[in-house]
>>> print(open('work.cif').read())   # mmCIF, C-alpha atoms
data_query
loop_
_atom_site.label_atom_id
_atom_site.label_comp_id
_atom_site.auth_asym_id
_atom_site.auth_seq_id
_atom_site.Cartn_x
_atom_site.Cartn_y
_atom_site.Cartn_z
CA MET X 1 2.40 11.92 -20.28
CA SER X 2 2.02 8.57 -18.49
CA SER X 3 4.65 7.32 -16.08
CA PRO X 4 5.28 3.71 -15.01
CA LEU X 5 6.54 5.06 -11.67
CA VAL X 6 3.09 6.48 -10.94
CA ALA X 7 1.59 3.05 -11.61
CA VAL X 8 4.14 1.45 -9.28
CA GLU X 9 3.25 3.80 -6.45
CA PHE X 10 -0.49 3.41 -7.00
CA LEU X 11 -0.55 -0.40 -7.15
CA THR X 12 2.13 -1.17 -4.55
CA ARG X 13 3.60 0.10 -1.31
CA LEU X 14 6.87 0.92 -3.08
CA ARG X 15 7.79 4.61 -3.09
CA VAL X 16 10.00 5.43 -6.06
CA ARG X 17 9.18 9.11 -6.57
CA ARG X 18 7.15 11.89 -4.99
CA THR X 19 3.83 11.53 -6.75
CA PRO X 20 1.07 13.64 -5.15
CA ARG X 21 -1.43 11.27 -3.55
CA GLY X 22 -4.39 13.21 -4.86
CA ASP X 23 -3.25 13.39 -8.48
CA LEU X 24 -5.89 11.07 -9.91
CA GLU X 25 -5.22 12.31 -13.44
CA GLN X 26 -1.65 10.97 -13.35
CA VAL X 27 -2.87 7.63 -12.03
CA ALA X 28 -5.47 7.38 -14.78
CA ARG X 29 -2.87 8.14 -17.47
CA SER X 30 -0.57 5.43 -16.08
CA GLN X 31 -3.05 2.60 -16.59
CA MET X 32 -1.15 1.15 -19.55
CA TRP X 33 1.63 0.21 -17.11
CA PHE X 34 -0.59 -1.76 -14.71
CA PRO X 35 0.26 -5.21 -16.20
CA ALA X 36 3.96 -4.28 -16.19
CA VAL X 37 3.68 -3.46 -12.48
CA GLY X 38 2.08 -6.88 -12.12
CA LEU X 39 5.27 -8.38 -13.55
CA LEU X 40 7.28 -6.42 -10.99
CA ILE X 41 5.09 -7.77 -8.20
CA GLY X 42 5.56 -11.26 -9.64
CA ALA X 43 9.33 -10.81 -9.65
CA LEU X 44 9.20 -9.84 -5.96
CA LEU X 45 7.20 -12.99 -5.24
CA VAL X 46 9.75 -15.13 -7.10
CA GLY X 47 12.56 -13.59 -5.04
CA ILE X 48 10.73 -14.26 -1.78
CA ASP X 49 9.92 -17.78 -2.93
CA ARG X 50 13.54 -18.62 -3.81
CA LEU X 51 14.86 -17.28 -0.51
CA ALA X 52 12.16 -18.78 1.70
CA MET X 53 12.50 -22.23 0.12
CA LYS X 54 16.01 -22.41 1.60
CA ALA X 55 14.65 -22.31 5.13
CA LEU X 56 10.98 -23.32 5.17
CA PRO X 57 8.84 -26.23 3.93
CA PRO X 58 6.83 -25.58 0.73
CA GLN X 59 3.49 -25.29 2.54
CA SER X 60 4.84 -22.54 4.76
CA VAL X 61 6.34 -20.72 1.79
CA ASP X 62 2.96 -20.78 0.03
CA VAL X 63 1.34 -19.07 3.02
CA LEU X 64 4.18 -16.55 3.08
CA LEU X 65 3.62 -15.74 -0.60
CA VAL X 66 -0.09 -15.13 -0.08
CA VAL X 67 0.70 -12.75 2.77
CA ALA X 68 3.50 -11.07 0.78
CA LEU X 69 1.17 -10.44 -2.16
CA ALA X 70 -1.32 -8.74 0.15
CA LEU X 71 1.39 -6.67 1.84
CA VAL X 72 3.19 -5.49 -1.29
CA THR X 73 -0.11 -4.12 -2.64
CA GLY X 74 -1.08 -2.65 0.71
CA GLY X 75 -4.28 -4.71 0.64
CA LEU X 76 -5.57 -2.34 -2.08
CA HIS X 77 -7.45 -4.98 -4.06
CA LEU X 78 -8.48 -7.04 -1.02
CA ASP X 79 -10.13 -3.93 0.39
CA GLY X 80 -12.02 -3.51 -2.87
CA LEU X 81 -13.10 -7.16 -2.80
CA ALA X 82 -14.34 -6.78 0.78
CA ASP X 83 -16.36 -3.63 0.06
CA ALA X 84 -17.75 -5.09 -3.16
CA ALA X 85 -18.86 -8.28 -1.41
CA ASP X 86 -20.62 -6.33 1.34
CA GLY X 87 -22.34 -4.07 -1.18
CA LEU X 88 -23.41 -6.62 -3.76
CA PHE X 89 -24.68 -9.18 -1.28
CA GLY X 90 -25.83 -6.86 1.50
CA GLY X 91 -28.11 -4.52 -0.43
CA TYR X 92 -31.34 -4.99 -2.35
CA THR X 93 -31.26 -1.98 -4.66
CA PRO X 94 -28.43 -0.51 -6.76
CA GLU X 95 -28.45 2.66 -4.67
CA ARG X 96 -28.22 0.75 -1.38
CA ARG X 97 -25.44 -1.50 -2.70
CA LEU X 98 -23.36 1.50 -3.74
CA GLU X 99 -23.98 3.11 -0.36
CA ILE X 100 -22.81 -0.02 1.49
CA MET X 101 -19.64 -0.18 -0.60
CA ARG X 102 -18.67 3.24 0.76
CA ASP X 103 -19.11 2.13 4.37
CA VAL X 104 -15.68 1.77 5.99
CA HIS X 105 -16.87 -1.02 8.28
CA ALA X 106 -16.43 -4.64 7.18
CA GLY X 107 -19.50 -6.85 7.30
CA SER X 108 -19.83 -10.61 7.25
CA PHE X 109 -19.71 -10.85 3.45
CA ALA X 110 -16.47 -8.86 3.41
CA ILE X 111 -14.82 -11.22 5.89
CA ILE X 112 -16.02 -14.28 3.98
CA ALA X 113 -14.72 -12.86 0.69
CA ILE X 114 -11.25 -12.07 2.09
CA VAL X 115 -10.87 -15.42 3.82
CA ALA X 116 -12.04 -17.25 0.71
CA ALA X 117 -9.67 -15.34 -1.58
CA LEU X 118 -6.64 -15.93 0.64
CA ALA X 119 -7.48 -19.58 1.18
CA LEU X 120 -8.06 -20.26 -2.51
CA LYS X 121 -4.78 -18.57 -3.45
CA TRP X 122 -2.99 -20.78 -0.94
CA ALA X 123 -4.75 -23.83 -2.38
CA GLY X 124 -3.67 -22.85 -5.89
CA LEU X 125 -0.05 -22.36 -4.85
CA LEU X 126 -0.06 -25.62 -2.91
CA ALA X 127 -1.26 -27.53 -5.98
CA LEU X 128 1.13 -25.77 -8.37
CA PRO X 129 3.76 -28.08 -9.93
CA ALA X 130 7.37 -27.01 -9.45
CA SER X 131 7.84 -27.04 -13.24
CA VAL X 132 5.68 -23.93 -13.69
CA ARG X 133 6.05 -22.28 -10.28
CA VAL X 134 8.35 -19.41 -11.27
CA GLU X 135 6.40 -18.70 -14.46
CA THR X 136 3.09 -18.66 -12.62
CA LEU X 137 4.32 -16.35 -9.87
CA LEU X 138 5.56 -13.94 -12.53
CA VAL X 139 2.58 -13.95 -14.84
CA VAL X 140 -0.49 -14.18 -12.59
CA PRO X 141 -0.23 -10.65 -11.09
CA CYS X 142 0.41 -9.30 -14.59
CA ILE X 143 -2.60 -10.93 -16.25
CA ALA X 144 -4.88 -10.13 -13.31
CA ARG X 145 -4.16 -6.43 -13.77
CA LEU X 146 -4.98 -6.71 -17.45
CA ALA X 147 -8.35 -8.10 -16.34
CA MET X 148 -8.88 -4.90 -14.35
CA LEU X 149 -8.03 -2.80 -17.42
CA VAL X 150 -10.64 -4.70 -19.42
CA THR X 151 -13.37 -3.87 -16.90
CA VAL X 152 -12.28 -0.23 -16.74
CA ALA X 153 -12.55 0.13 -20.51
CA ALA X 154 -15.49 -2.15 -21.31
CA PHE X 155 -18.08 -1.20 -18.67
CA PRO X 156 -19.59 2.10 -17.54
CA TYR X 157 -18.70 3.61 -14.19
CA ALA X 158 -21.57 3.40 -11.73
CA ARG X 159 -20.91 6.63 -9.86
CA ALA X 160 -20.96 10.23 -11.07
CA GLU X 161 -17.49 10.89 -9.68
CA GLY X 162 -14.52 9.24 -7.98
CA MET X 163 -11.10 7.84 -8.83
CA GLY X 164 -12.62 5.09 -10.93
CA ALA X 165 -14.57 7.62 -12.98
CA ILE X 166 -11.35 9.30 -14.12
CA GLN X 167 -9.80 5.91 -14.89
CA HIS X 168 -12.81 5.00 -17.02
CA GLU X 169 -12.57 8.29 -18.92
CA ARG X 170 -8.91 7.63 -19.75
CA ALA X 171 -9.34 3.92 -20.50
CA GLY X 172 -9.22 2.16 -23.85
CA GLY X 173 -6.92 2.87 -26.78
CA ALA X 174 -3.32 3.06 -25.67
CA ALA X 175 -4.00 1.63 -22.20
CA ILE X 176 -5.52 -1.57 -23.58
CA ALA X 177 -2.99 -1.81 -26.42
CA VAL X 178 0.12 -1.43 -24.25
CA GLY X 179 -1.27 -3.28 -21.24
CA GLY X 180 -2.65 -6.07 -23.41
CA ALA X 181 0.61 -6.43 -25.33
CA THR X 182 2.60 -6.60 -22.08
CA ALA X 183 0.40 -9.30 -20.59
CA THR X 184 0.17 -11.30 -23.82
CA VAL X 185 3.91 -11.33 -24.47
CA ALA X 186 4.67 -12.27 -20.87
CA ALA X 187 2.05 -15.02 -20.75
CA VAL X 188 2.96 -16.63 -24.06
CA LEU X 189 6.73 -16.39 -23.53
CA LEU X 190 6.50 -17.93 -20.07
CA LEU X 191 3.73 -20.51 -20.56
CA GLY X 192 3.41 -20.95 -24.33
CA ALA X 193 -0.10 -21.89 -25.44
CA GLY X 194 -1.01 -22.23 -21.77
CA GLY X 195 -0.39 -18.52 -21.41
CA ALA X 196 -3.03 -17.85 -24.05
CA TYR X 197 -5.49 -20.02 -22.12
CA ALA X 198 -4.67 -18.08 -18.95
CA LEU X 199 -5.34 -14.80 -20.77
CA ALA X 200 -8.73 -16.13 -21.84
CA VAL X 201 -9.53 -17.04 -18.23
CA ALA X 202 -8.60 -13.56 -17.01
CA ILE X 203 -10.68 -11.85 -19.69
CA GLY X 204 -13.57 -14.19 -18.89
CA VAL X 205 -13.35 -13.17 -15.24
CA ALA X 206 -13.27 -9.49 -16.22
CA LEU X 207 -16.33 -9.79 -18.42
CA GLY X 208 -18.17 -11.86 -15.79
CA VAL X 209 -17.52 -9.33 -13.03
CA GLY X 210 -18.45 -6.48 -15.36
CA PHE X 211 -21.77 -8.00 -16.41
CA VAL X 212 -22.73 -8.78 -12.79
CA ALA X 213 -21.74 -5.27 -11.71
CA LYS X 214 -23.71 -3.64 -14.50
CA ARG X 215 -26.78 -5.65 -13.61
CA MET X 216 -26.56 -5.07 -9.85
CA VAL X 217 -25.29 -1.49 -9.55
CA GLY X 218 -25.31 -0.10 -13.09
CA GLY X 219 -21.59 -0.45 -13.75
CA MET X 220 -18.17 -0.72 -12.18
CA THR X 221 -16.73 1.07 -9.15
CA GLY X 222 -13.21 1.38 -7.74
CA ASP X 223 -14.02 -1.42 -5.30
CA LEU X 224 -15.15 -3.66 -8.14
CA TYR X 225 -11.92 -2.94 -10.03
CA GLY X 226 -10.02 -4.25 -7.01
CA ALA X 227 -12.34 -7.23 -6.71
CA THR X 228 -11.65 -8.08 -10.35
CA VAL X 229 -7.91 -8.35 -9.64
CA GLU X 230 -8.47 -10.61 -6.63
CA ILE X 231 -10.94 -12.90 -8.39
CA ALA X 232 -8.68 -13.11 -11.45
CA GLU X 233 -5.65 -14.05 -9.32
CA VAL X 234 -7.63 -16.81 -7.62
CA ALA X 235 -9.02 -18.14 -10.90
CA LEU X 236 -5.61 -18.05 -12.61
CA LEU X 237 -3.76 -19.85 -9.82
CA LEU X 238 -6.35 -22.62 -9.67
CA PHE X 239 -6.60 -22.86 -13.45
CA ILE X 240 -2.85 -23.07 -14.06
CA ALA X 241 -2.39 -25.56 -11.22
CA ALA X 242 -5.17 -27.81 -12.53
CA PHE X 243 -4.00 -27.75 -16.15
CA ALA X 244 -0.30 -28.03 -15.34
CA ASN X 245 -0.91 -31.09 -13.18
CA ARG X 246 -2.50 -32.74 -16.21
CA GLY X 247 0.36 -31.78 -18.50
CA TRP X 248 -1.73 -29.30 -20.48
CA ILE X 249 0.34 -26.26 -19.41
CA ASP X 250 4.12 -26.25 -19.20
CA ALA X 251 6.94 -23.74 -18.95
CA TRP X 252 8.15 -22.46 -22.31
CA LEU X 253 10.86 -19.77 -22.17
CA LEU X 254 12.35 -20.79 -18.81
CA GLY X 255 11.52 -24.48 -19.04
#
>>> encode(input="work.cif", output="structure tokens")
Amino acid sequence: MSSPLVAVEFLTRLRVRRTPRGDLEQVARSQMWFPAVGLLIGALLVGIDRLAMKALPPQSVDVLLVVALALVTGGLHLDGLADAADGLFGGYTPERRLEIMRDVHAGSFAIIAIVAALALKWAGLLALPASVRVETLLVVPCIARLAMLVTVAAFPYARAEGMGAIQHERAGGAAIAVGGATATVAAVLLLGAGGAYALAVAIGVALGVGFVAKRMVGGMTGDLYGATVEIAEVALLLFIAAFANRGWIDAWLLG
């Protein structure tokens, strides 16, 4: 039986129950709750945003939100992005790329990827109109985690074993149905038709990462799952900011 509390503990630094760290089967069964945990993360960001705005200028708050997002997830997805960047760009064969991804040391591509992701998130938040700020903070972490579910279900796992292998085995079906419904309802209720566009962007990112991964290393890995979340968050923030500034996306439920 899947538990949303397991998903909370896996995707964040919040400790809400005593889930054994090595119980990968429980984590895999909790995948359907990943987008819902994204909504929880978004709610934490909204709370930080509302409080910080009382004391700091908007630019400083935007930096604070980028840092808060990294801290609340324990850098889980940023670490995956860093390892994936080193592996994909530092190796010349699938075997060597997978080997580099397992190296605990960060290379130049890892540093570039992390700096770029953080800077682009800040740029997206800075350009975000106030009219869709709350909605965007809520929905982006949610949709980005749906993007990860899509890659888990749609693409083979590149390694013979590992945490990601178990997730891939348990993916599809209920996980996509529940996770997809959560993200779709949240996106459309908060951003109307713009939410549907945002979902399309996230799925496009997921498919793009998956196709590149399959070509370069034979499939997805745990690091590439994390990279998918980070790339999706960047793409969504920039996309919503750009379209909202042109009046093509607006708040719906809370507007």
>>> atom_distance(input="work.cif", atom1="CA of Thr93 (chain X)", atom2="CA of Ala113 (chain X)")
20.5 Å
>>> residues_around(input="work.cif", residues="Val234 (chain X)", least_positions_apart="2", cutoff="7 Å", atoms="only C-alpha atoms", output="ChimeraX atom specification")
/X:117,120-121,230-232,236-238
>>> closest_residue(input="work.cif", among="X:Ala85, X:Leu5, X:Met101, X:Ala144", to="Arg29 (chain X)", atoms="all atoms listed in the file")
X:Leu5
>>> residues_around(input="work.cif", residues="Ala174 (chain X)", least_positions_apart="2", cutoff="12 Å", atoms="all atoms listed in the file", output="ChimeraX atom specification")
/X:1-2,28-33,149,153,170-172,176-182
>>> closest_residue(input="work.cif", among="X:Ala227, X:Val205, X:Ala106, X:Val132", to="Leu253 (chain X)", atoms="only C-alpha atoms")
X:Val132
>>> closest_residue(input="work.cif", among="X:Leu98, X:Leu76, X:Leu69, X:Leu126", to="Pro57 (chain X)", atoms="all atoms listed in the file")
X:Leu126
>>> residues_around(input="work.cif", residues="Gly75 (chain X)", least_positions_apart="5", cutoff="12 Å", atoms="only C-alpha atoms", output="PyMOL selection string")
chain X and resi 10-13+66-70+80-82+114+118+223+226-227+229-230
>>> write_last_selection(input="work.cif", atoms="C-alpha atoms", output="short mmCIF file (atom, residue, chain, number, x, y, z; two decimals), in the frame of the given file")
data_model
loop_
_atom_site.label_atom_id
_atom_site.label_comp_id
_atom_site.auth_asym_id
_atom_site.auth_seq_id
_atom_site.Cartn_x
_atom_site.Cartn_y
_atom_site.Cartn_z
CA PHE X 10 -0.49 3.41 -7.00
CA LEU X 11 -0.55 -0.40 -7.15
CA THR X 12 2.13 -1.17 -4.55
CA ARG X 13 3.60 0.10 -1.31
CA VAL X 66 -0.09 -15.13 -0.08
CA VAL X 67 0.70 -12.75 2.77
CA ALA X 68 3.50 -11.07 0.78
CA LEU X 69 1.17 -10.44 -2.16
CA ALA X 70 -1.32 -8.74 0.15
CA GLY X 80 -12.02 -3.51 -2.87
CA LEU X 81 -13.10 -7.16 -2.80
CA ALA X 82 -14.34 -6.78 0.78
CA ILE X 114 -11.25 -12.07 2.09
CA LEU X 118 -6.64 -15.93 0.64
CA ASP X 223 -14.02 -1.42 -5.30
CA GLY X 226 -10.02 -4.25 -7.01
CA ALA X 227 -12.34 -7.23 -6.71
CA VAL X 229 -7.91 -8.35 -9.64
CA GLU X 230 -8.47 -10.61 -6.63
#
>>> closest_residue(input="work.cif", among="X:Leu51, X:Ile112, X:Ala160, X:Met220", to="Asp86 (chain X)", atoms="all atoms listed in the file")
X:Ile112
>>> resolve_selection(input="work.cif", expression="the PyMOL selection byres ((chain X and resi 185) around 12)", output="list in words")
Pro35, Ala36, Leu39, Val139, Cys142, Ile143, Ala177, Val178, Gly179, Gly180, Ala181, Thr182, Ala183, Thr184, Ala186, Ala187, Val188, Leu189, Leu190, Leu191, Gly192, Ala193, Gly195, Ala196, Leu199 and Leu253 of chain X
>>> write_last_selection(input="work.cif", atoms="C-alpha atoms", output="short mmCIF file (atom, residue, chain, number, x, y, z; two decimals), in the frame of the given file")
data_model
loop_
_atom_site.label_atom_id
_atom_site.label_comp_id
_atom_site.auth_asym_id
_atom_site.auth_seq_id
_atom_site.Cartn_x
_atom_site.Cartn_y
_atom_site.Cartn_z
CA PRO X 35 0.26 -5.21 -16.20
CA ALA X 36 3.96 -4.28 -16.19
CA LEU X 39 5.27 -8.38 -13.55
CA VAL X 139 2.58 -13.95 -14.84
CA CYS X 142 0.41 -9.30 -14.59
CA ILE X 143 -2.60 -10.93 -16.25
CA ALA X 177 -2.99 -1.81 -26.42
CA VAL X 178 0.12 -1.43 -24.25
CA GLY X 179 -1.27 -3.28 -21.24
CA GLY X 180 -2.65 -6.07 -23.41
CA ALA X 181 0.61 -6.43 -25.33
CA THR X 182 2.60 -6.60 -22.08
CA ALA X 183 0.40 -9.30 -20.59
CA THR X 184 0.17 -11.30 -23.82
CA ALA X 186 4.67 -12.27 -20.87
CA ALA X 187 2.05 -15.02 -20.75
CA VAL X 188 2.96 -16.63 -24.06
CA LEU X 189 6.73 -16.39 -23.53
CA LEU X 190 6.50 -17.93 -20.07
CA LEU X 191 3.73 -20.51 -20.56
CA GLY X 192 3.41 -20.95 -24.33
CA ALA X 193 -0.10 -21.89 -25.44
CA GLY X 195 -0.39 -18.52 -21.41
CA ALA X 196 -3.03 -17.85 -24.05
CA LEU X 199 -5.34 -14.80 -20.77
CA LEU X 253 10.86 -19.77 -22.17
#
>>> atom_distance(input="work.cif", atom1="CA of Arg145 (chain X)", atom2="CA of Gly87 (chain X)")
22.2 Å
>>> resolve_selection(input="work.cif", expression="the PyMOL selection byres ((chain X and resi 206) around 9)", output="list in words")
Ala144, Leu146, Ala147, Met148, Leu149, Val150, Thr151, Val201, Ala202, Ile203, Gly204, Val205, Leu207, Gly208, Val209, Gly210, Phe211, Thr228, Val229, Ile231 and Ala232 of chain X
>>> closest_residue(input="work.cif", among="X:Ala7, X:Ala235, X:Met216, X:Ala130", to="Ala200 (chain X)", atoms="all atoms listed in the file")
X:Ala235
>>> atom_distance(input="work.cif", atom1="CA of Leu56 (chain X)", atom2="CA of Ser131 (chain X)")
19.0 Å
>>> closest_residue(input="work.cif", among="X:Ala84, X:Leu128, X:Val134, X:Val27", to="Thr221 (chain X)", atoms="all atoms listed in the file")
X:Ala84
>>> resolve_selection(input="work.cif", expression="the PyMOL selection byres ((chain X and resi 248) around 12)", output="PDB file with C-alpha atoms, in the frame of the given file")
ATOM      1  CA  PRO X 129       3.760 -28.080  -9.930  1.00  0.00           C
ATOM      2  CA  VAL X 132       5.680 -23.930 -13.690  1.00  0.00           C
ATOM      3  CA  LEU X 191       3.730 -20.510 -20.560  1.00  0.00           C
ATOM      4  CA  GLY X 192       3.410 -20.950 -24.330  1.00  0.00           C
ATOM      5  CA  ALA X 193      -0.100 -21.890 -25.440  1.00  0.00           C
ATOM      6  CA  GLY X 194      -1.010 -22.230 -21.770  1.00  0.00           C
ATOM      7  CA  GLY X 195      -0.390 -18.520 -21.410  1.00  0.00           C
ATOM      8  CA  TYR X 197      -5.490 -20.020 -22.120  1.00  0.00           C
ATOM      9  CA  ALA X 198      -4.670 -18.080 -18.950  1.00  0.00           C
ATOM     10  CA  PHE X 239      -6.600 -22.860 -13.450  1.00  0.00           C
ATOM     11  CA  ILE X 240      -2.850 -23.070 -14.060  1.00  0.00           C
ATOM     12  CA  ALA X 241      -2.390 -25.560 -11.220  1.00  0.00           C
ATOM     13  CA  ALA X 242      -5.170 -27.810 -12.530  1.00  0.00           C
ATOM     14  CA  PHE X 243      -4.000 -27.750 -16.150  1.00  0.00           C
ATOM     15  CA  ALA X 244      -0.300 -28.030 -15.340  1.00  0.00           C
ATOM     16  CA  ASN X 245      -0.910 -31.090 -13.180  1.00  0.00           C
ATOM     17  CA  ARG X 246      -2.500 -32.740 -16.210  1.00  0.00           C
ATOM     18  CA  GLY X 247       0.360 -31.780 -18.500  1.00  0.00           C
ATOM     19  CA  ILE X 249       0.340 -26.260 -19.410  1.00  0.00           C
ATOM     20  CA  ASP X 250       4.120 -26.250 -19.200  1.00  0.00           C
ATOM     21  CA  ALA X 251       6.940 -23.740 -18.950  1.00  0.00           C
TER      22      ALA X 251
END
>>> build_atoms(input="work.cif", residues="region 187-207 of chain X", atoms="N, CA and C atoms", output="PDB file, in the frame of the given file")
ATOM      1  N   ALA X 187       2.744 -13.744 -20.924  1.00  0.00           N
ATOM      2  CA  ALA X 187       2.050 -15.020 -20.750  1.00  0.00           C
ATOM      3  C   ALA X 187       2.502 -16.063 -21.754  1.00  0.00           C
ATOM      4  N   VAL X 188       2.600 -15.669 -23.014  1.00  0.00           N
ATOM      5  CA  VAL X 188       2.960 -16.630 -24.060  1.00  0.00           C
ATOM      6  C   VAL X 188       4.436 -17.017 -23.971  1.00  0.00           C
ATOM      7  N   LEU X 189       5.313 -16.059 -23.663  1.00  0.00           N
ATOM      8  CA  LEU X 189       6.730 -16.390 -23.530  1.00  0.00           C
ATOM      9  C   LEU X 189       6.980 -17.332 -22.354  1.00  0.00           C
ATOM     10  N   LEU X 190       6.255 -17.137 -21.271  1.00  0.00           N
ATOM     11  CA  LEU X 190       6.500 -17.930 -20.070  1.00  0.00           C
ATOM     12  C   LEU X 190       5.761 -19.269 -20.085  1.00  0.00           C
ATOM     13  N   LEU X 191       4.547 -19.290 -20.635  1.00  0.00           N
ATOM     14  CA  LEU X 191       3.730 -20.510 -20.560  1.00  0.00           C
ATOM     15  C   LEU X 191       3.282 -21.030 -21.926  1.00  0.00           C
ATOM     16  N   GLY X 192       3.769 -20.469 -22.999  1.00  0.00           N
ATOM     17  CA  GLY X 192       3.410 -20.950 -24.330  1.00  0.00           C
ATOM     18  C   GLY X 192       1.917 -20.836 -24.578  1.00  0.00           C
ATOM     19  N   ALA X 193       1.347 -21.884 -25.169  1.00  0.00           N
ATOM     20  CA  ALA X 193      -0.100 -21.890 -25.440  1.00  0.00           C
ATOM     21  C   ALA X 193      -0.892 -21.788 -24.150  1.00  0.00           C
ATOM     22  N   GLY X 194      -0.335 -22.331 -23.060  1.00  0.00           N
ATOM     23  CA  GLY X 194      -1.010 -22.230 -21.770  1.00  0.00           C
ATOM     24  C   GLY X 194      -1.190 -20.793 -21.333  1.00  0.00           C
ATOM     25  N   GLY X 195      -0.262 -19.929 -21.730  1.00  0.00           N
ATOM     26  CA  GLY X 195      -0.390 -18.520 -21.410  1.00  0.00           C
ATOM     27  C   GLY X 195      -1.590 -17.897 -22.112  1.00  0.00           C
ATOM     28  N   ALA X 196      -1.854 -18.348 -23.328  1.00  0.00           N
ATOM     29  CA  ALA X 196      -3.030 -17.850 -24.050  1.00  0.00           C
ATOM     30  C   ALA X 196      -4.310 -18.302 -23.359  1.00  0.00           C
ATOM     31  N   TYR X 197      -4.317 -19.546 -22.868  1.00  0.00           N
ATOM     32  CA  TYR X 197      -5.490 -20.020 -22.120  1.00  0.00           C
ATOM     33  C   TYR X 197      -5.694 -19.185 -20.858  1.00  0.00           C
ATOM     34  N   ALA X 198      -4.582 -18.879 -20.174  1.00  0.00           N
ATOM     35  CA  ALA X 198      -4.670 -18.080 -18.950  1.00  0.00           C
ATOM     36  C   ALA X 198      -5.222 -16.680 -19.249  1.00  0.00           C
ATOM     37  N   LEU X 199      -4.800 -16.099 -20.369  1.00  0.00           N
ATOM     38  CA  LEU X 199      -5.340 -14.800 -20.770  1.00  0.00           C
ATOM     39  C   LEU X 199      -6.846 -14.872 -20.984  1.00  0.00           C
ATOM     40  N   ALA X 200      -7.295 -15.950 -21.602  1.00  0.00           N
ATOM     41  CA  ALA X 200      -8.730 -16.130 -21.840  1.00  0.00           C
ATOM     42  C   ALA X 200      -9.490 -16.238 -20.518  1.00  0.00           C
ATOM     43  N   VAL X 201      -8.897 -16.927 -19.546  1.00  0.00           N
ATOM     44  CA  VAL X 201      -9.530 -17.040 -18.230  1.00  0.00           C
ATOM     45  C   VAL X 201      -9.663 -15.669 -17.580  1.00  0.00           C
ATOM     46  N   ALA X 202      -8.590 -14.884 -17.625  1.00  0.00           N
ATOM     47  CA  ALA X 202      -8.600 -13.560 -17.010  1.00  0.00           C
ATOM     48  C   ALA X 202      -9.636 -12.645 -17.672  1.00  0.00           C
ATOM     49  N   ILE X 203      -9.699 -12.677 -18.987  1.00  0.00           N
ATOM     50  CA  ILE X 203     -10.680 -11.850 -19.690  1.00  0.00           C
ATOM     51  C   ILE X 203     -12.090 -12.323 -19.386  1.00  0.00           C
ATOM     52  N   GLY X 204     -12.263 -13.643 -19.277  1.00  0.00           N
ATOM     53  CA  GLY X 204     -13.570 -14.190 -18.890  1.00  0.00           C
ATOM     54  C   GLY X 204     -13.996 -13.702 -17.515  1.00  0.00           C
ATOM     55  N   VAL X 205     -13.055 -13.686 -16.576  1.00  0.00           N
ATOM     56  CA  VAL X 205     -13.350 -13.170 -15.240  1.00  0.00           C
ATOM     57  C   VAL X 205     -13.751 -11.700 -15.319  1.00  0.00           C
ATOM     58  N   ALA X 206     -12.987 -10.916 -16.085  1.00  0.00           N
ATOM     59  CA  ALA X 206     -13.270  -9.490 -16.220  1.00  0.00           C
ATOM     60  C   ALA X 206     -14.669  -9.250 -16.772  1.00  0.00           C
ATOM     61  N   LEU X 207     -15.010  -9.962 -17.817  1.00  0.00           N
ATOM     62  CA  LEU X 207     -16.330  -9.790 -18.420  1.00  0.00           C
ATOM     63  C   LEU X 207     -17.433 -10.261 -17.472  1.00  0.00           C
TER      64      LEU X 207
END
